[in-house]
Amino acid sequence: MSTSTEQFADVSATTLLRFATAGSVDDGKSTLVGRLLHDSKSVLTDQLEAVEAASLKRGQEAPDLALLTDGLRAEREQGITIDVAYRYFATARRRFILADTPGHVQYTRNMVTGASTAELAVVLVDARNGVVEQTRRHAAVAALLRVPHVVLAVNKMDLVEYREPVFAAIAEEFTTYASELGVPEITAIPISALAGDNVVEPSANMDWYGGPTVLEHLETVPVSHDLTACHARFPVQYVIRPQTVEHPDYRGYAGQIAAGAFRVGEEITVLPSGRTSTIAGIDALGEPVDIAWAPQSVTIRLADDIDISRGDLLAPSGDAPATSQDVEATVCHVADQPLAVGQRVLLKHTTRTVKAIVKDIPSRLTLDDLSQHPNPGQLVANDIGRVVVRTAEPLALDAYADSRRTGSFLLIDPADGTTLAAGMAGESFATTRAVAAVDEEEGWDF
């Protein structure tokens, strides 16, 4: 059923969907994104002309739509995606920010970056190859990052003669796997990104499929941006003390509200010190306001002079998180060098960075059967595992399931500042899986 642009005029001004694409090498991610941009009329004329010229140079008669996102020279030479390519576009129904992430195993870290703020992930599968290890890895990352909506795009259906049984088998295998990880919603769509089948327009070659196209699903999937319903959290980024003639006693704490809302007169607790005070004023864009909410950047003034600095966290006294020096979390290891038990690291949580040590690595996730490999000793690049970290100072972490902003952290190499791992506090998946018991005689391949 067609819908007029005017009907969605108000919605398009306020509704935003952040989504990421992922998949194995040559599954057609960049081609899908290019087709999405091209067929939704989101490509400028000069951009399309540049792509057409580049395609002709490579001996291609038709424009290679993958070039709309593969901007690095190395990407165009190799025909792969290396870095995360962000693209912004809009239709009459919704605005979009998409992250086209790489498919190579060594670039899984980039998929973590692209999906960390996404509300939806599009996982591509080559219809000829089905679900492979990298497909499982991307599904696991989406589940760990609590991405609420996952789309399985079974691509290159034109190369399997648009056969429904091929699509049905892949969709069933992936849905079973992702459901075990706790992914709440999975939508499978058969497509051909190269030919445009079911990307923006319905396919005449797959009349057996009665679901939405990729764009239609992106436009209509329900997303919630109401962070005001979450636990109120305000990481202090900067202390403002002008000490001028006009403002001799001004002391404000500036930062971005991570979640929830703060009101003048509300009693708050400063963490990790635990001291309490009352909000005397809130300044937003230089003007006083009575209430502020996520994700506004504001300056909060308190009724009492308290020793507060960058890295401290303000929270309502009746809903303040507990502080602890022992962090149990799931991490995606993104560095080339391993993460080992006993290693000294820096832990960055919101605006706070503290010294820490890796006390234990209880398990590493086995992607094939979702079992936990106990006591691996270390994690290497692209591994997903559980860690226990002891920090030098108390931290106020929420469970990642409750807050993606204040439940996440980074582990950093103190020697050179390299990011080692992205961490999510609390339970790893929505469904808790027990660590598999292993017979010592079987042994493990370290």
# chains A, B, ... in the order shown; residues from 1 in each chain; ligands from 1

call {"tool": "residues_around", "arguments": {"residues": "Leu124 in chain A", "least_positions_apart": "3", "cutoff": "12 Å", "atoms": "only C-alpha atoms", "output": "JSON, numbers by chain"}}
result
{"A": [20, 21, 22, 23, 24, 25, 26, 27, 28, 29, 30, 31, 32, 33, 100, 101, 102, 103, 121, 127, 128, 129, 130, 131, 132, 134, 135, 136, 138, 139, 150, 151, 152, 153, 154, 155, 156, 157, 170, 171, 174, 187, 188, 189, 190, 191, 192, 193, 214]}

call {"tool": "residues_around", "arguments": {"residues": "Val264 in chain A", "least_positions_apart": "6", "cutoff": "8 Å", "atoms": "only C-alpha atoms", "output": "list in words"}}
result
Thr278, Ile279, Ala280, Gly281, Ile282, Asp290 and Ile291 of chain A

call {"tool": "closest_residue", "arguments": {"among": "A:Thr15, A:Thr117, A:Thr276, A:Thr176", "to": "Phe96 in chain A", "atoms": "only C-alpha atoms"}}
result
A:Thr15

call {"tool": "residues_around", "arguments": {"residues": "range 403-408 of chain A", "least_positions_apart": "4", "cutoff": "10 Å", "atoms": "only C-alpha atoms", "output": "list in words"}}
result
Ser116, Thr117, Leu145, Arg146, Val147, Leu227, Cys230, His231, Arg233, Phe234, Pro235, Ala258, Ala259, Leu313, Ala329, Thr330, Val331, Lys348, His349, Thr350, Ala396, Leu397, Asp398, Ala399, Ala422, Gly423, Met424, Ala425 and Gly426 of chain A

call {"tool": "write_last_selection", "arguments": {"atoms": "N, CA, C and O atoms", "output": "CSV table (one decimal), in the first residue's frame"}}
result
chain,number,residue,atom,x,y,z
A,116,SER,N,28.0,-0.7,18.1
A,116,SER,CA,27.9,-0.3,19.5
A,116,SER,C,26.8,0.7,19.8
A,116,SER,O,26.3,0.7,20.9
A,117,THR,N,26.5,1.5,18.8
A,117,THR,CA,25.4,2.5,19.0
A,117,THR,C,24.2,2.1,18.1
A,117,THR,O,23.3,3.0,18.0
A,145,LEU,N,26.2,-6.8,22.1
A,145,LEU,CA,26.0,-5.4,22.2
A,145,LEU,C,24.5,-5.0,22.4
A,145,LEU,O,24.2,-3.8,22.3
A,146,ARG,N,23.7,-6.0,22.6
A,146,ARG,CA,22.3,-5.8,22.8
A,146,ARG,C,21.6,-5.0,21.7
A,146,ARG,O,20.7,-4.2,22.0
A,147,VAL,N,21.9,-5.3,20.5
A,147,VAL,CA,21.2,-4.7,19.4
A,147,VAL,C,19.8,-5.3,19.3
A,147,VAL,O,19.7,-6.5,19.1
A,227,LEU,N,15.5,7.9,26.4
A,227,LEU,CA,16.5,7.6,27.4
A,227,LEU,C,16.1,8.1,28.8
A,227,LEU,O,16.7,7.9,29.8
A,230,CYS,N,15.4,5.6,31.5
A,230,CYS,CA,16.6,4.9,32.1
A,230,CYS,C,17.0,5.5,33.4
A,230,CYS,O,16.6,6.6,33.8
A,231,HIS,N,17.9,4.8,34.1
A,231,HIS,CA,18.5,5.3,35.3
A,231,HIS,C,19.3,6.6,35.0
A,231,HIS,O,20.1,6.6,34.1
A,233,ARG,N,22.0,9.2,34.8
A,233,ARG,CA,23.5,9.2,35.0
A,233,ARG,C,24.1,10.4,34.3
A,233,ARG,O,23.8,10.7,33.2
A,234,PHE,N,25.0,11.1,35.1
A,234,PHE,CA,25.7,12.2,34.5
A,234,PHE,C,27.2,12.1,34.8
A,234,PHE,O,27.6,12.5,35.9
A,235,PRO,N,28.0,11.7,33.8
A,235,PRO,CA,29.4,11.7,34.0
A,235,PRO,C,30.0,13.1,33.9
A,235,PRO,O,29.7,13.8,32.9
A,258,ALA,N,24.1,11.0,30.3
A,258,ALA,CA,24.2,9.7,29.6
A,258,ALA,C,22.8,9.0,29.5
A,258,ALA,O,22.5,8.3,28.5
A,259,ALA,N,22.0,9.2,30.5
A,259,ALA,CA,20.7,8.6,30.5
A,259,ALA,C,19.8,9.3,31.6
A,259,ALA,O,20.3,9.9,32.5
A,313,LEU,N,30.7,10.7,38.8
A,313,LEU,CA,29.4,10.4,38.2
A,313,LEU,C,28.3,10.9,39.2
A,313,LEU,O,28.4,10.6,40.4
A,329,ALA,N,32.8,-9.0,33.4
A,329,ALA,CA,32.2,-8.5,32.1
A,329,ALA,C,32.6,-9.5,31.0
A,329,ALA,O,33.4,-10.4,31.1
A,330,THR,N,31.9,-9.3,29.9
A,330,THR,CA,32.3,-9.9,28.6
A,330,THR,C,33.0,-8.9,27.8
A,330,THR,O,32.6,-7.7,27.7
A,331,VAL,N,34.1,-9.3,27.1
A,331,VAL,CA,34.8,-8.4,26.3
A,331,VAL,C,35.0,-9.0,24.9
A,331,VAL,O,35.0,-10.2,24.7
A,348,LYS,N,38.8,2.5,30.9
A,348,LYS,CA,38.1,3.8,30.7
A,348,LYS,C,36.6,3.5,30.7
A,348,LYS,O,36.0,2.8,29.9
A,349,HIS,N,35.9,4.2,31.7
A,349,HIS,CA,34.5,4.1,31.8
A,349,HIS,C,33.9,5.5,31.8
A,349,HIS,O,34.2,6.3,32.6
A,350,THR,N,33.0,5.8,30.8
A,350,THR,CA,32.5,7.1,30.6
A,350,THR,C,33.7,8.1,30.5
A,350,THR,O,34.6,8.0,29.7
A,396,ALA,N,31.6,3.1,39.2
A,396,ALA,CA,30.1,3.0,39.3
A,396,ALA,C,29.6,2.5,38.0
A,396,ALA,O,29.1,3.3,37.2
A,397,LEU,N,29.6,1.2,37.8
A,397,LEU,CA,29.1,0.6,36.5
A,397,LEU,C,27.7,0.1,36.7
A,397,LEU,O,27.4,-0.5,37.7
A,398,ASP,N,26.9,0.3,35.6
A,398,ASP,CA,25.6,-0.3,35.6
A,398,ASP,C,25.8,-1.6,34.8
A,398,ASP,O,26.8,-1.8,34.1
A,399,ALA,N,24.8,-2.5,34.8
A,399,ALA,CA,24.9,-3.7,34.0
A,399,ALA,C,24.6,-3.2,32.5
A,399,ALA,O,23.8,-2.3,32.3
A,422,ALA,N,36.8,-4.2,24.1
A,422,ALA,CA,35.6,-3.4,24.4
A,422,ALA,C,34.8,-4.3,25.4
A,422,ALA,O,34.5,-5.5,25.1
A,423,GLY,N,34.4,-3.8,26.5
A,423,GLY,CA,33.8,-4.6,27.6
A,423,GLY,C,32.3,-4.2,27.9
A,423,GLY,O,31.9,-3.0,27.7
A,424,MET,N,31.6,-5.2,28.3
A,424,MET,CA,30.2,-5.0,28.7
A,424,MET,C,29.9,-5.7,30.0
A,424,MET,O,30.1,-6.9,30.1
A,425,ALA,N,29.7,-4.8,31.0
A,425,ALA,CA,29.5,-5.3,32.4
A,425,ALA,C,28.3,-6.2,32.5
A,425,ALA,O,27.2,-5.9,31.9
A,426,GLY,N,28.4,-7.2,33.4
A,426,GLY,CA,27.2,-8.0,33.7
A,426,GLY,C,27.2,-9.3,32.9
A,426,GLY,O,28.2,-9.7,32.4

call {"tool": "atom_distance", "arguments": {"atom1": "CA of Glu219 in chain A", "atom2": "CA of Ala92 in chain A"}}
result
9.0 Å

call {"tool": "residues_around", "arguments": {"residues": "Ala118 in chain A", "least_positions_apart": "2", "cutoff": "6 Å", "atoms": "only C-alpha atoms", "output": "list of chain:residue names"}}
result
A:Arg18, A:Phe19, A:Ala115, A:Ser116, A:Leu120

call {"tool": "residues_around", "arguments": {"residues": "range 359-364 of chain A", "least_positions_apart": "5", "cutoff": "9 Å", "atoms": "only C-alpha atoms", "output": "list in words"}}
result
Ala340, Val341, Gly342, Gln343, Ser371, Gln372, His373, Pro374, Asn375, Pro376, Gly377, Gln378, Leu379, Asp383, Ile384, Gly385, Arg386, Val387, Val388, Val389, Arg390 and Val435 of chain A

call {"tool": "closest_residue", "arguments": {"among": "A:Ala232, A:Leu411, A:Leu16, A:Ala142", "to": "Ala320 in chain A", "atoms": "only C-alpha atoms"}}
result
A:Ala232

call {"tool": "residues_around", "arguments": {"residues": "Asp39 in chain A", "least_positions_apart": "3", "cutoff": "9 Å", "atoms": "only C-alpha atoms", "output": "list in words"}}
result
Gly34, Arg35, Leu36, Ser42, Val43, Gly196, Val199, Val200 and Glu201 of chain A

call {"tool": "select_by_dssp", "arguments": {"residues": "range 212-393 of chain A", "states": "strand (DSSP E)", "output": "ChimeraX atom specification"}}
result
/A:234-235,238-240,252-256,261-263,267-271,275-284,287-289,291-293,297-302,313-316,324-333,339-340,344-349,352-365,372-374,378-379,384-393

call {"tool": "closest_residue", "arguments": {"among": "A:Asp416, A:Val166, A:Arg275, A:Asp158", "to": "Leu194 in chain A", "atoms": "only C-alpha atoms"}}
result
A:Asp158

call {"tool": "closest_residue", "arguments": {"among": "A:Val345, A:Gln243, A:Phe262, A:Tyr162", "to": "Ala195 in chain A", "atoms": "only C-alpha atoms"}}
result
A:Tyr162

call {"tool": "decode", "arguments": {"residues": "range 177-325 of chain A", "atoms": "C-alpha atoms", "output": "PDB file, in the first residue's frame"}}
result
ATOM      1  CA  TYR A 177      21.415 -19.717  16.365  1.00  0.00           C
ATOM      2  CA  ALA A 178      20.592 -16.054  17.022  1.00  0.00           C
ATOM      3  CA  SER A 179      17.617 -16.960  19.230  1.00  0.00           C
ATOM      4  CA  GLU A 180      19.892 -19.060  21.442  1.00  0.00           C
ATOM      5  CA  LEU A 181      22.048 -15.952  21.867  1.00  0.00           C
ATOM      6  CA  GLY A 182      18.997 -14.034  23.060  1.00  0.00           C
ATOM      7  CA  VAL A 183      18.453 -11.766  20.035  1.00  0.00           C
ATOM      8  CA  PRO A 184      14.873 -10.536  20.625  1.00  0.00           C
ATOM      9  CA  GLU A 185      13.801  -9.966  17.015  1.00  0.00           C
ATOM     10  CA  ILE A 186      15.079 -11.536  13.787  1.00  0.00           C
ATOM     11  CA  THR A 187      13.692 -10.723  10.327  1.00  0.00           C
ATOM     12  CA  ALA A 188      14.876 -12.728   7.304  1.00  0.00           C
ATOM     13  CA  ILE A 189      14.662 -11.147   3.828  1.00  0.00           C
ATOM     14  CA  PRO A 190      15.765 -12.767   0.528  1.00  0.00           C
ATOM     15  CA  ILE A 191      17.524 -10.219  -1.696  1.00  0.00           C
ATOM     16  CA  SER A 192      19.799  -9.625  -4.644  1.00  0.00           C
ATOM     17  CA  ALA A 193      21.723  -6.419  -3.976  1.00  0.00           C
ATOM     18  CA  LEU A 194      23.232  -6.451  -7.455  1.00  0.00           C
ATOM     19  CA  ALA A 195      19.881  -6.777  -9.233  1.00  0.00           C
ATOM     20  CA  GLY A 196      17.904  -4.771  -6.669  1.00  0.00           C
ATOM     21  CA  ASP A 197      15.506  -7.543  -5.662  1.00  0.00           C
ATOM     22  CA  ASN A 198      13.717  -6.761  -2.354  1.00  0.00           C
ATOM     23  CA  VAL A 199      16.151  -3.972  -1.429  1.00  0.00           C
ATOM     24  CA  VAL A 200      13.943  -0.965  -2.132  1.00  0.00           C
ATOM     25  CA  GLU A 201      11.397  -2.436  -4.542  1.00  0.00           C
ATOM     26  CA  PRO A 202       9.650  -5.840  -4.173  1.00  0.00           C
ATOM     27  CA  SER A 203      11.072  -8.595  -6.363  1.00  0.00           C
ATOM     28  CA  ALA A 204       9.106 -10.020  -9.251  1.00  0.00           C
ATOM     29  CA  ASN A 205      11.402 -13.054  -9.148  1.00  0.00           C
ATOM     30  CA  MET A 206      10.378 -14.140  -5.630  1.00  0.00           C
ATOM     31  CA  ASP A 207       6.598 -14.070  -5.568  1.00  0.00           C
ATOM     32  CA  TRP A 208       6.742 -16.727  -2.845  1.00  0.00           C
ATOM     33  CA  TYR A 209       8.041 -14.064  -0.411  1.00  0.00           C
ATOM     34  CA  GLY A 210       5.386 -11.824   1.109  1.00  0.00           C
ATOM     35  CA  GLY A 211       7.417  -9.875   3.667  1.00  0.00           C
ATOM     36  CA  PRO A 212       8.845  -6.338   3.567  1.00  0.00           C
ATOM     37  CA  THR A 213      11.765  -5.123   1.474  1.00  0.00           C
ATOM     38  CA  VAL A 214      14.920  -4.083   3.306  1.00  0.00           C
ATOM     39  CA  LEU A 215      14.072  -0.376   3.094  1.00  0.00           C
ATOM     40  CA  GLU A 216      10.453  -0.928   4.102  1.00  0.00           C
ATOM     41  CA  HIS A 217      11.583  -2.805   7.200  1.00  0.00           C
ATOM     42  CA  LEU A 218      14.136  -0.111   8.048  1.00  0.00           C
ATOM     43  CA  GLU A 219      11.444   2.535   7.716  1.00  0.00           C
ATOM     44  CA  THR A 220       8.890   0.775   9.909  1.00  0.00           C
ATOM     45  CA  VAL A 221      10.851  -1.138  12.567  1.00  0.00           C
ATOM     46  CA  PRO A 222       9.949   0.313  15.980  1.00  0.00           C
ATOM     47  CA  VAL A 223      12.822   2.052  17.751  1.00  0.00           C
ATOM     48  CA  SER A 224      12.830   3.852  21.066  1.00  0.00           C
ATOM     49  CA  HIS A 225      15.043   6.833  21.838  1.00  0.00           C
ATOM     50  CA  ASP A 226      13.425   7.528  25.200  1.00  0.00           C
ATOM     51  CA  LEU A 227      16.515   7.576  27.421  1.00  0.00           C
ATOM     52  CA  THR A 228      14.572   9.489  30.060  1.00  0.00           C
ATOM     53  CA  ALA A 229      13.072   6.224  31.287  1.00  0.00           C
ATOM     54  CA  CYS A 230      16.554   4.864  32.098  1.00  0.00           C
ATOM     55  CA  HIS A 231      18.507   5.300  35.334  1.00  0.00           C
ATOM     56  CA  ALA A 232      19.677   8.923  35.436  1.00  0.00           C
ATOM     57  CA  ARG A 233      23.452   9.186  35.029  1.00  0.00           C
ATOM     58  CA  PHE A 234      25.685  12.236  34.514  1.00  0.00           C
ATOM     59  CA  PRO A 235      29.429  11.659  33.992  1.00  0.00           C
ATOM     60  CA  VAL A 236      31.338  14.837  34.799  1.00  0.00           C
ATOM     61  CA  GLN A 237      33.528  15.893  31.892  1.00  0.00           C
ATOM     62  CA  TYR A 238      34.795  19.292  33.010  1.00  0.00           C
ATOM     63  CA  VAL A 239      34.619  21.570  36.055  1.00  0.00           C
ATOM     64  CA  ILE A 240      33.786  25.177  35.171  1.00  0.00           C
ATOM     65  CA  ARG A 241      35.143  27.871  37.509  1.00  0.00           C
ATOM     66  CA  PRO A 242      35.467  31.177  35.645  1.00  0.00           C
ATOM     67  CA  GLN A 243      36.375  33.189  38.797  1.00  0.00           C
ATOM     68  CA  THR A 244      35.545  36.449  37.040  1.00  0.00           C
ATOM     69  CA  VAL A 245      34.049  39.635  38.430  1.00  0.00           C
ATOM     70  CA  GLU A 246      30.666  38.628  37.010  1.00  0.00           C
ATOM     71  CA  HIS A 247      30.907  35.038  38.345  1.00  0.00           C
ATOM     72  CA  PRO A 248      33.244  35.050  41.352  1.00  0.00           C
ATOM     73  CA  ASP A 249      31.759  31.951  43.023  1.00  0.00           C
ATOM     74  CA  TYR A 250      30.436  30.023  40.006  1.00  0.00           C
ATOM     75  CA  ARG A 251      31.189  26.306  40.146  1.00  0.00           C
ATOM     76  CA  GLY A 252      29.531  24.108  37.529  1.00  0.00           C
ATOM     77  CA  TYR A 253      30.001  20.534  36.395  1.00  0.00           C
ATOM     78  CA  ALA A 254      29.747  20.162  32.626  1.00  0.00           C
ATOM     79  CA  GLY A 255      29.084  17.029  30.607  1.00  0.00           C
ATOM     80  CA  GLN A 256      26.545  15.083  28.594  1.00  0.00           C
ATOM     81  CA  ILE A 257      23.674  13.346  30.374  1.00  0.00           C
ATOM     82  CA  ALA A 258      24.187   9.651  29.602  1.00  0.00           C
ATOM     83  CA  ALA A 259      20.669   8.572  30.547  1.00  0.00           C
ATOM     84  CA  GLY A 260      17.576   9.695  32.397  1.00  0.00           C
ATOM     85  CA  ALA A 261      16.652  13.211  33.509  1.00  0.00           C
ATOM     86  CA  PHE A 262      17.818  15.623  36.214  1.00  0.00           C
ATOM     87  CA  ARG A 263      15.737  18.325  37.918  1.00  0.00           C
ATOM     88  CA  VAL A 264      16.537  21.383  39.991  1.00  0.00           C
ATOM     89  CA  GLY A 265      15.993  20.590  43.685  1.00  0.00           C
ATOM     90  CA  GLU A 266      16.723  16.886  43.234  1.00  0.00           C
ATOM     91  CA  GLU A 267      19.045  15.199  45.721  1.00  0.00           C
ATOM     92  CA  ILE A 268      22.022  13.563  44.036  1.00  0.00           C
ATOM     93  CA  THR A 269      24.942  11.368  45.059  1.00  0.00           C
ATOM     94  CA  VAL A 270      28.468  11.887  43.775  1.00  0.00           C
ATOM     95  CA  LEU A 271      30.260   8.658  42.925  1.00  0.00           C
ATOM     96  CA  PRO A 272      32.604   7.112  43.833  1.00  0.00           C
ATOM     97  CA  SER A 273      32.929   9.371  46.940  1.00  0.00           C
ATOM     98  CA  GLY A 274      29.313   8.825  47.998  1.00  0.00           C
ATOM     99  CA  ARG A 275      28.804  12.430  49.114  1.00  0.00           C
ATOM    100  CA  THR A 276      25.356  13.948  48.587  1.00  0.00           C
ATOM    101  CA  SER A 277      24.008  17.353  47.650  1.00  0.00           C
ATOM    102  CA  THR A 278      21.069  19.016  45.912  1.00  0.00           C
ATOM    103  CA  ILE A 279      20.927  20.365  42.376  1.00  0.00           C
ATOM    104  CA  ALA A 280      20.836  24.149  42.749  1.00  0.00           C
ATOM    105  CA  GLY A 281      20.684  24.916  39.036  1.00  0.00           C
ATOM    106  CA  ILE A 282      21.030  23.512  35.520  1.00  0.00           C
ATOM    107  CA  ASP A 283      22.427  25.577  32.639  1.00  0.00           C
ATOM    108  CA  ALA A 284      21.747  24.514  29.045  1.00  0.00           C
ATOM    109  CA  LEU A 285      23.152  26.579  26.173  1.00  0.00           C
ATOM    110  CA  GLY A 286      23.911  29.366  28.617  1.00  0.00           C
ATOM    111  CA  GLU A 287      20.363  29.571  29.946  1.00  0.00           C
ATOM    112  CA  PRO A 288      18.976  28.228  33.244  1.00  0.00           C
ATOM    113  CA  VAL A 289      16.446  25.386  32.962  1.00  0.00           C
ATOM    114  CA  ASP A 290      14.443  23.412  35.505  1.00  0.00           C
ATOM    115  CA  ILE A 291      14.955  19.993  33.916  1.00  0.00           C
ATOM    116  CA  ALA A 292      17.402  18.389  31.480  1.00  0.00           C
ATOM    117  CA  TRP A 293      17.482  14.929  29.954  1.00  0.00           C
ATOM    118  CA  ALA A 294      19.665  12.613  27.861  1.00  0.00           C
ATOM    119  CA  PRO A 295      21.482  13.231  25.592  1.00  0.00           C
ATOM    120  CA  GLN A 296      21.663  16.963  26.370  1.00  0.00           C
ATOM    121  CA  SER A 297      24.997  18.579  27.219  1.00  0.00           C
ATOM    122  CA  VAL A 298      24.520  20.756  30.293  1.00  0.00           C
ATOM    123  CA  THR A 299      26.223  22.276  33.316  1.00  0.00           C
ATOM    124  CA  ILE A 300      24.901  21.231  36.718  1.00  0.00           C
ATOM    125  CA  ARG A 301      25.388  23.427  39.801  1.00  0.00           C
ATOM    126  CA  LEU A 302      25.114  21.982  43.313  1.00  0.00           C
ATOM    127  CA  ALA A 303      24.036  23.554  46.596  1.00  0.00           C
ATOM    128  CA  ASP A 304      27.231  22.403  48.348  1.00  0.00           C
ATOM    129  CA  ASP A 305      30.916  22.801  47.507  1.00  0.00           C
ATOM    130  CA  ILE A 306      32.092  19.233  47.016  1.00  0.00           C
ATOM    131  CA  ASP A 307      35.394  17.956  45.676  1.00  0.00           C
ATOM    132  CA  ILE A 308      34.243  16.804  42.236  1.00  0.00           C
ATOM    133  CA  SER A 309      36.445  16.332  39.185  1.00  0.00           C
ATOM    134  CA  ARG A 310      36.400  14.797  35.709  1.00  0.00           C
ATOM    135  CA  GLY A 311      35.391  11.144  35.890  1.00  0.00           C
ATOM    136  CA  ASP A 312      32.995  11.467  38.805  1.00  0.00           C
ATOM    137  CA  LEU A 313      29.395  10.395  38.249  1.00  0.00           C
ATOM    138  CA  LEU A 314      26.246  12.181  39.455  1.00  0.00           C
ATOM    139  CA  ALA A 315      23.143  10.064  40.049  1.00  0.00           C
ATOM    140  CA  PRO A 316      19.856  10.486  41.963  1.00  0.00           C
ATOM    141  CA  SER A 317      20.404   9.486  45.582  1.00  0.00           C
ATOM    142  CA  GLY A 318      17.503   7.046  45.441  1.00  0.00           C
ATOM    143  CA  ASP A 319      18.819   5.350  42.296  1.00  0.00           C
ATOM    144  CA  ALA A 320      22.583   5.445  42.542  1.00  0.00           C
ATOM    145  CA  PRO A 321      24.600   2.464  41.254  1.00  0.00           C
ATOM    146  CA  ALA A 322      26.814   0.499  43.598  1.00  0.00           C
ATOM    147  CA  THR A 323      30.548   1.081  43.332  1.00  0.00           C
ATOM    148  CA  SER A 324      33.065  -1.733  43.115  1.00  0.00           C
ATOM    149  CA  GLN A 325      36.695  -2.403  42.290  1.00  0.00           C
TER     150      GLN A 325
END
